[in-house]
Amino acid sequence: MIKQNISLKKYNTFGIDAKTRFFSEILNEKDLIEKIKKCKKTPFRILGEGSNILLTKDYKGYTFIIKNKGINIIQENESEIVVEVQAGENWHNFVLWALEKNYAGIENLAFIPGTVGAAPIQNIGAYGVELKTVFKSCRALEIETLTFKIFKKEDCDFEYRSSIFKKQFKEKIIITSVCFVLHKPPHKINTDYDPLKNALKGKKNTIQNIANAVINVRKSKLPDPSKIGNSGSFFKNPIINKDKFLELKNKYPDIPNFFEPYNKIKIPAAWLIEKIGYKGKRFGHAGIHNKQALVIVNYGNAEGSDILMLANQIKEKILIHFGIKLEFEVNLF
Ligand SMILES: Cc1cc2nc3c(=O)[nH]c(=O)nc-3n(C[C@H](O)[C@H](O)[C@H](O)COP(=O)(O)OP(=O)(O)OC[C@H]3O[C@@H](n4cnc5c(N)ncnc54)[C@H](O)[C@@H]3O)c2cc1C
């Protein structure tokens, strides 16, 4: 069913009250193709659970919400499984499914909001693990030809919070299912990330304990979108070259840093934002979270433009102060 003039407030975790002219949920691949054909020349866009977007204005086209469901093991041997998950499945429900069956690989990614279909778009990551470590392939509809294509891991150009789907295939394909490789016991686990190591002290390193520790740390640090609107990290952590890093280190000896391939250095954007004095600041209905400076929040009645104005202000200040150009992690519509 196609509805008209719908508020998207409950379809985005920022809780922005922007409207869409047409609205429909997509239940399967056939439904997707039929609805795209119905659009004719009217534009359309795809959303999952709206947890990585900022709606800056009303939309005159169709908003399609991906809702196809299903989790099926399609290959199995004594050490691993390949599981195909439909794009509209909730990511954390899939993590819970894997934990229940004792399959390892995604426990560090517990409690990340959103759908499985959106997870490859920015190569979701947390607590030392990225989606690319378990991704095998995805099936996607090419919008121009309305034919399905398979993207294997090596096709996807996965990087920190990025993939081919945010670059040359941006808005050109719609992911309808994703295949993952998960591991049977004995599990290889990843507890390299310090806050996770600390949270696991005195506990066995099982995938269930890792997921519980991740969930607890996330709950203590990040605002719950059902209580206070947000889209998680608004900015990516900037990756700078060594000369720039040494220049900053000279001025700010305490600057936190993480080494990246090719002699590059990642700087936590939260530290930069804290340094310019914005952590916990409120500007009308928008503000910066008091526990995590990367998160911009909607205190209730902010419009997308209020959030965007604040994000641009932060970006400008960081550029002037540190000579670093921050990039948005959140997708603007
Ligand atoms: C509290 C909070 C914490 C978060 N923590 C993390 C974190 O730790 N790590 C992390 O990586 N992210 C994090 N995020 C961001 C977000 O959860 C992920 O980016 C998630 O994958 C977005 O899924 P979604 O279904 O909500 O996508 P949406 O926000 O609906 O869409 C995001 C983008 O993907 C496109 N898209 C969505 N589905 C499809 C599809 N099937 N095919 C093609 N394009 C599609 C949309 O057009 C849009 O451009 C967090 C967000 C919140 C609110």
# chains A, B, ... in the order shown; residues from 1 in each chain; ligands from 1
>>> residues_around(residues="Asn230 (chain A)", least_positions_apart="2", cutoff="9 Å", atoms="only C-alpha atoms", output="MDAnalysis selection string")
chainID A and resid 12:15 51:52 223:225 228 232:234 295:298
>>> residues_around(residues="region 314-316 of chain A", least_positions_apart="4", cutoff="12 Å", atoms="only C-alpha atoms", output="number ranges by chain")
A: 234-236, 238, 269-270, 272-279, 281, 287-288, 293-296, 307-310, 320-328
>>> closest_atom_pairs(of="chain A", to="ligand 1", cutoff="8 Å", atoms="only C-alpha atoms and all ligand atoms", output="JSON lines")
{"residue": "A:Asn12", "atom": "CA", "partner": "ligand 1", "partner_atom_place_in_ligand_line": "29 (O)", "distance": 7.1}
{"residue": "A:Thr13", "atom": "CA", "partner": "ligand 1", "partner_atom_place_in_ligand_line": "53 (C)", "distance": 5.8}
{"residue": "A:Phe14", "atom": "CA", "partner": "ligand 1", "partner_atom_place_in_ligand_line": "53 (C)", "distance": 7.5}
{"residue": "A:Arg45", "atom": "CA", "partner": "ligand 1", "partner_atom_place_in_ligand_line": "47 (O)", "distance": 6.2}
{"residue": "A:Ile46", "atom": "CA", "partner": "ligand 1", "partner_atom_place_in_ligand_line": "47 (O)", "distance": 4.5}
{"residue": "A:Leu47", "atom": "CA", "partner": "ligand 1", "partner_atom_place_in_ligand_line": "30 (O)", "distance": 3.8}
{"residue": "A:Gly48", "atom": "CA", "partner": "ligand 1", "partner_atom_place_in_ligand_line": "25 (O)", "distance": 3.4}
{"residue": "A:Glu49", "atom": "CA", "partner": "ligand 1", "partner_atom_place_in_ligand_line": "26 (O)", "distance": 3.6}
{"residue": "A:Gly50", "atom": "CA", "partner": "ligand 1", "partner_atom_place_in_ligand_line": "30 (O)", "distance": 3.3}
{"residue": "A:Ser51", "atom": "CA", "partner": "ligand 1", "partner_atom_place_in_ligand_line": "26 (O)", "distance": 3.6}
{"residue": "A:Asn52", "atom": "CA", "partner": "ligand 1", "partner_atom_place_in_ligand_line": "29 (O)", "distance": 3.5}
{"residue": "A:Ile53", "atom": "CA", "partner": "ligand 1", "partner_atom_place_in_ligand_line": "29 (O)", "distance": 4.7}
{"residue": "A:Ile65", "atom": "CA", "partner": "ligand 1", "partner_atom_place_in_ligand_line": "30 (O)", "distance": 7.8}
{"residue": "A:Ile66", "atom": "CA", "partner": "ligand 1", "partner_atom_place_in_ligand_line": "41 (N)", "distance": 6.1}
{"residue": "A:Ala87", "atom": "CA", "partner": "ligand 1", "partner_atom_place_in_ligand_line": "41 (N)", "distance": 5.4}
{"residue": "A:Gly88", "atom": "CA", "partner": "ligand 1", "partner_atom_place_in_ligand_line": "41 (N)", "distance": 7.1}
{"residue": "A:Asn90", "atom": "CA", "partner": "ligand 1", "partner_atom_place_in_ligand_line": "25 (O)", "distance": 7.7}
{"residue": "A:Trp91", "atom": "CA", "partner": "ligand 1", "partner_atom_place_in_ligand_line": "21 (O)", "distance": 7.8}
{"residue": "A:Leu109", "atom": "CA", "partner": "ligand 1", "partner_atom_place_in_ligand_line": "8 (O)", "distance": 7.1}
{"residue": "A:Phe111", "atom": "CA", "partner": "ligand 1", "partner_atom_place_in_ligand_line": "5 (N)", "distance": 7.8}
{"residue": "A:Ile112", "atom": "CA", "partner": "ligand 1", "partner_atom_place_in_ligand_line": "5 (N)", "distance": 4.9}
{"residue": "A:Pro113", "atom": "CA", "partner": "ligand 1", "partner_atom_place_in_ligand_line": "17 (O)", "distance": 4.0}
{"residue": "A:Gly114", "atom": "CA", "partner": "ligand 1", "partner_atom_place_in_ligand_line": "23 (O)", "distance": 3.4}
{"residue": "A:Thr115", "atom": "CA", "partner": "ligand 1", "partner_atom_place_in_ligand_line": "25 (O)", "distance": 3.8}
{"residue": "A:Val116", "atom": "CA", "partner": "ligand 1", "partner_atom_place_in_ligand_line": "25 (O)", "distance": 6.8}
{"residue": "A:Gly117", "atom": "CA", "partner": "ligand 1", "partner_atom_place_in_ligand_line": "41 (N)", "distance": 4.0}
{"residue": "A:Ala118", "atom": "CA", "partner": "ligand 1", "partner_atom_place_in_ligand_line": "38 (N)", "distance": 4.0}
{"residue": "A:Ala119", "atom": "CA", "partner": "ligand 1", "partner_atom_place_in_ligand_line": "21 (O)", "distance": 4.0}
{"residue": "A:Pro120", "atom": "CA", "partner": "ligand 1", "partner_atom_place_in_ligand_line": "21 (O)", "distance": 7.2}
{"residue": "A:Ile121", "atom": "CA", "partner": "ligand 1", "partner_atom_place_in_ligand_line": "34 (O)", "distance": 5.8}
{"residue": "A:Gln122", "atom": "CA", "partner": "ligand 1", "partner_atom_place_in_ligand_line": "19 (O)", "distance": 6.1}
{"residue": "A:Asn123", "atom": "CA", "partner": "ligand 1", "partner_atom_place_in_ligand_line": "11 (O)", "distance": 6.4}
{"residue": "A:Ile124", "atom": "CA", "partner": "ligand 1", "partner_atom_place_in_ligand_line": "11 (O)", "distance": 3.1}
{"residue": "A:Gly125", "atom": "CA", "partner": "ligand 1", "partner_atom_place_in_ligand_line": "11 (O)", "distance": 4.2}
{"residue": "A:Ala126", "atom": "CA", "partner": "ligand 1", "partner_atom_place_in_ligand_line": "8 (O)", "distance": 4.7}
{"residue": "A:Tyr127", "atom": "CA", "partner": "ligand 1", "partner_atom_place_in_ligand_line": "8 (O)", "distance": 7.9}
{"residue": "A:Glu130", "atom": "CA", "partner": "ligand 1", "partner_atom_place_in_ligand_line": "11 (O)", "distance": 7.8}
{"residue": "A:Ala140", "atom": "CA", "partner": "ligand 1", "partner_atom_place_in_ligand_line": "42 (N)", "distance": 7.3}
{"residue": "A:Arg161", "atom": "CA", "partner": "ligand 1", "partner_atom_place_in_ligand_line": "11 (O)", "distance": 6.3}
{"residue": "A:Phe165", "atom": "CA", "partner": "ligand 1", "partner_atom_place_in_ligand_line": "44 (N)", "distance": 7.4}
{"residue": "A:Lys166", "atom": "CA", "partner": "ligand 1", "partner_atom_place_in_ligand_line": "49 (O)", "distance": 7.8}
{"residue": "A:Lys170", "atom": "CA", "partner": "ligand 1", "partner_atom_place_in_ligand_line": "44 (N)", "distance": 7.8}
{"residue": "A:Glu171", "atom": "CA", "partner": "ligand 1", "partner_atom_place_in_ligand_line": "44 (N)", "distance": 6.8}
{"residue": "A:Ile173", "atom": "CA", "partner": "ligand 1", "partner_atom_place_in_ligand_line": "43 (C)", "distance": 5.9}
{"residue": "A:Ile174", "atom": "CA", "partner": "ligand 1", "partner_atom_place_in_ligand_line": "42 (N)", "distance": 3.6}
{"residue": "A:Ile175", "atom": "CA", "partner": "ligand 1", "partner_atom_place_in_ligand_line": "42 (N)", "distance": 3.8}
{"residue": "A:Thr176", "atom": "CA", "partner": "ligand 1", "partner_atom_place_in_ligand_line": "41 (N)", "distance": 5.6}
{"residue": "A:Ser177", "atom": "CA", "partner": "ligand 1", "partner_atom_place_in_ligand_line": "41 (N)", "distance": 7.8}
{"residue": "A:Leu222", "atom": "CA", "partner": "ligand 1", "partner_atom_place_in_ligand_line": "1 (C)", "distance": 5.9}
{"residue": "A:Pro223", "atom": "CA", "partner": "ligand 1", "partner_atom_place_in_ligand_line": "1 (C)", "distance": 6.1}
{"residue": "A:Asp224", "atom": "CA", "partner": "ligand 1", "partner_atom_place_in_ligand_line": "1 (C)", "distance": 5.9}
{"residue": "A:Pro225", "atom": "CA", "partner": "ligand 1", "partner_atom_place_in_ligand_line": "1 (C)", "distance": 5.9}
{"residue": "A:Gly229", "atom": "CA", "partner": "ligand 1", "partner_atom_place_in_ligand_line": "53 (C)", "distance": 7.9}
{"residue": "A:Asn230", "atom": "CA", "partner": "ligand 1", "partner_atom_place_in_ligand_line": "53 (C)", "distance": 5.4}
{"residue": "A:Ser231", "atom": "CA", "partner": "ligand 1", "partner_atom_place_in_ligand_line": "53 (C)", "distance": 3.6}
{"residue": "A:Gly232", "atom": "CA", "partner": "ligand 1", "partner_atom_place_in_ligand_line": "52 (C)", "distance": 3.5}
{"residue": "A:Ser233", "atom": "CA", "partner": "ligand 1", "partner_atom_place_in_ligand_line": "50 (C)", "distance": 6.4}
{"residue": "A:Val330", "atom": "CA", "partner": "ligand 1", "partner_atom_place_in_ligand_line": "15 (C)", "distance": 7.6}
{"residue": "A:Asn331", "atom": "CA", "partner": "ligand 1", "partner_atom_place_in_ligand_line": "49 (O)", "distance": 5.3}
{"residue": "A:Leu332", "atom": "CA", "partner": "ligand 1", "partner_atom_place_in_ligand_line": "49 (O)", "distance": 7.6}
>>> closest_residue(among="A:Ile207, A:Ile36, A:Ala199, A:Met1", to="Tyr103 (chain A)", atoms="only C-alpha atoms")
A:Ile207
>>> closest_residue(among="A:Glu159, A:Asp306, A:Glu329, A:Glu89", to="Thr56 (chain A)", atoms="only C-alpha atoms")
A:Asp306
>>> residues_around(residues="Val214 (chain A)", least_positions_apart="3", cutoff="7 Å", atoms="only C-alpha atoms", output="short mmCIF file (atom, residue, chain, number, x, y, z; two decimals) with C-alpha atoms, in the first residue's frame")
data_model
loop_
_atom_site.label_atom_id
_atom_site.label_comp_id
_atom_site.auth_asym_id
_atom_site.auth_seq_id
_atom_site.Cartn_x
_atom_site.Cartn_y
_atom_site.Cartn_z
CA ASN A 108 31.39 -7.00 19.07
CA ALA A 110 25.92 -6.03 19.24
CA LEU A 196 36.00 -3.99 26.16
CA ILE A 210 31.56 -10.08 24.90
CA ALA A 211 28.14 -9.09 23.54
CA VAL A 217 29.28 -0.12 27.63
CA ARG A 218 27.11 1.17 24.78
#
>>> residues_around(residues="Asn237 (chain A)", least_positions_apart="6", cutoff="7 Å", atoms="only C-alpha atoms", output="list in words")
Lys266, Ile267, Pro268 and Ala269 of chain A
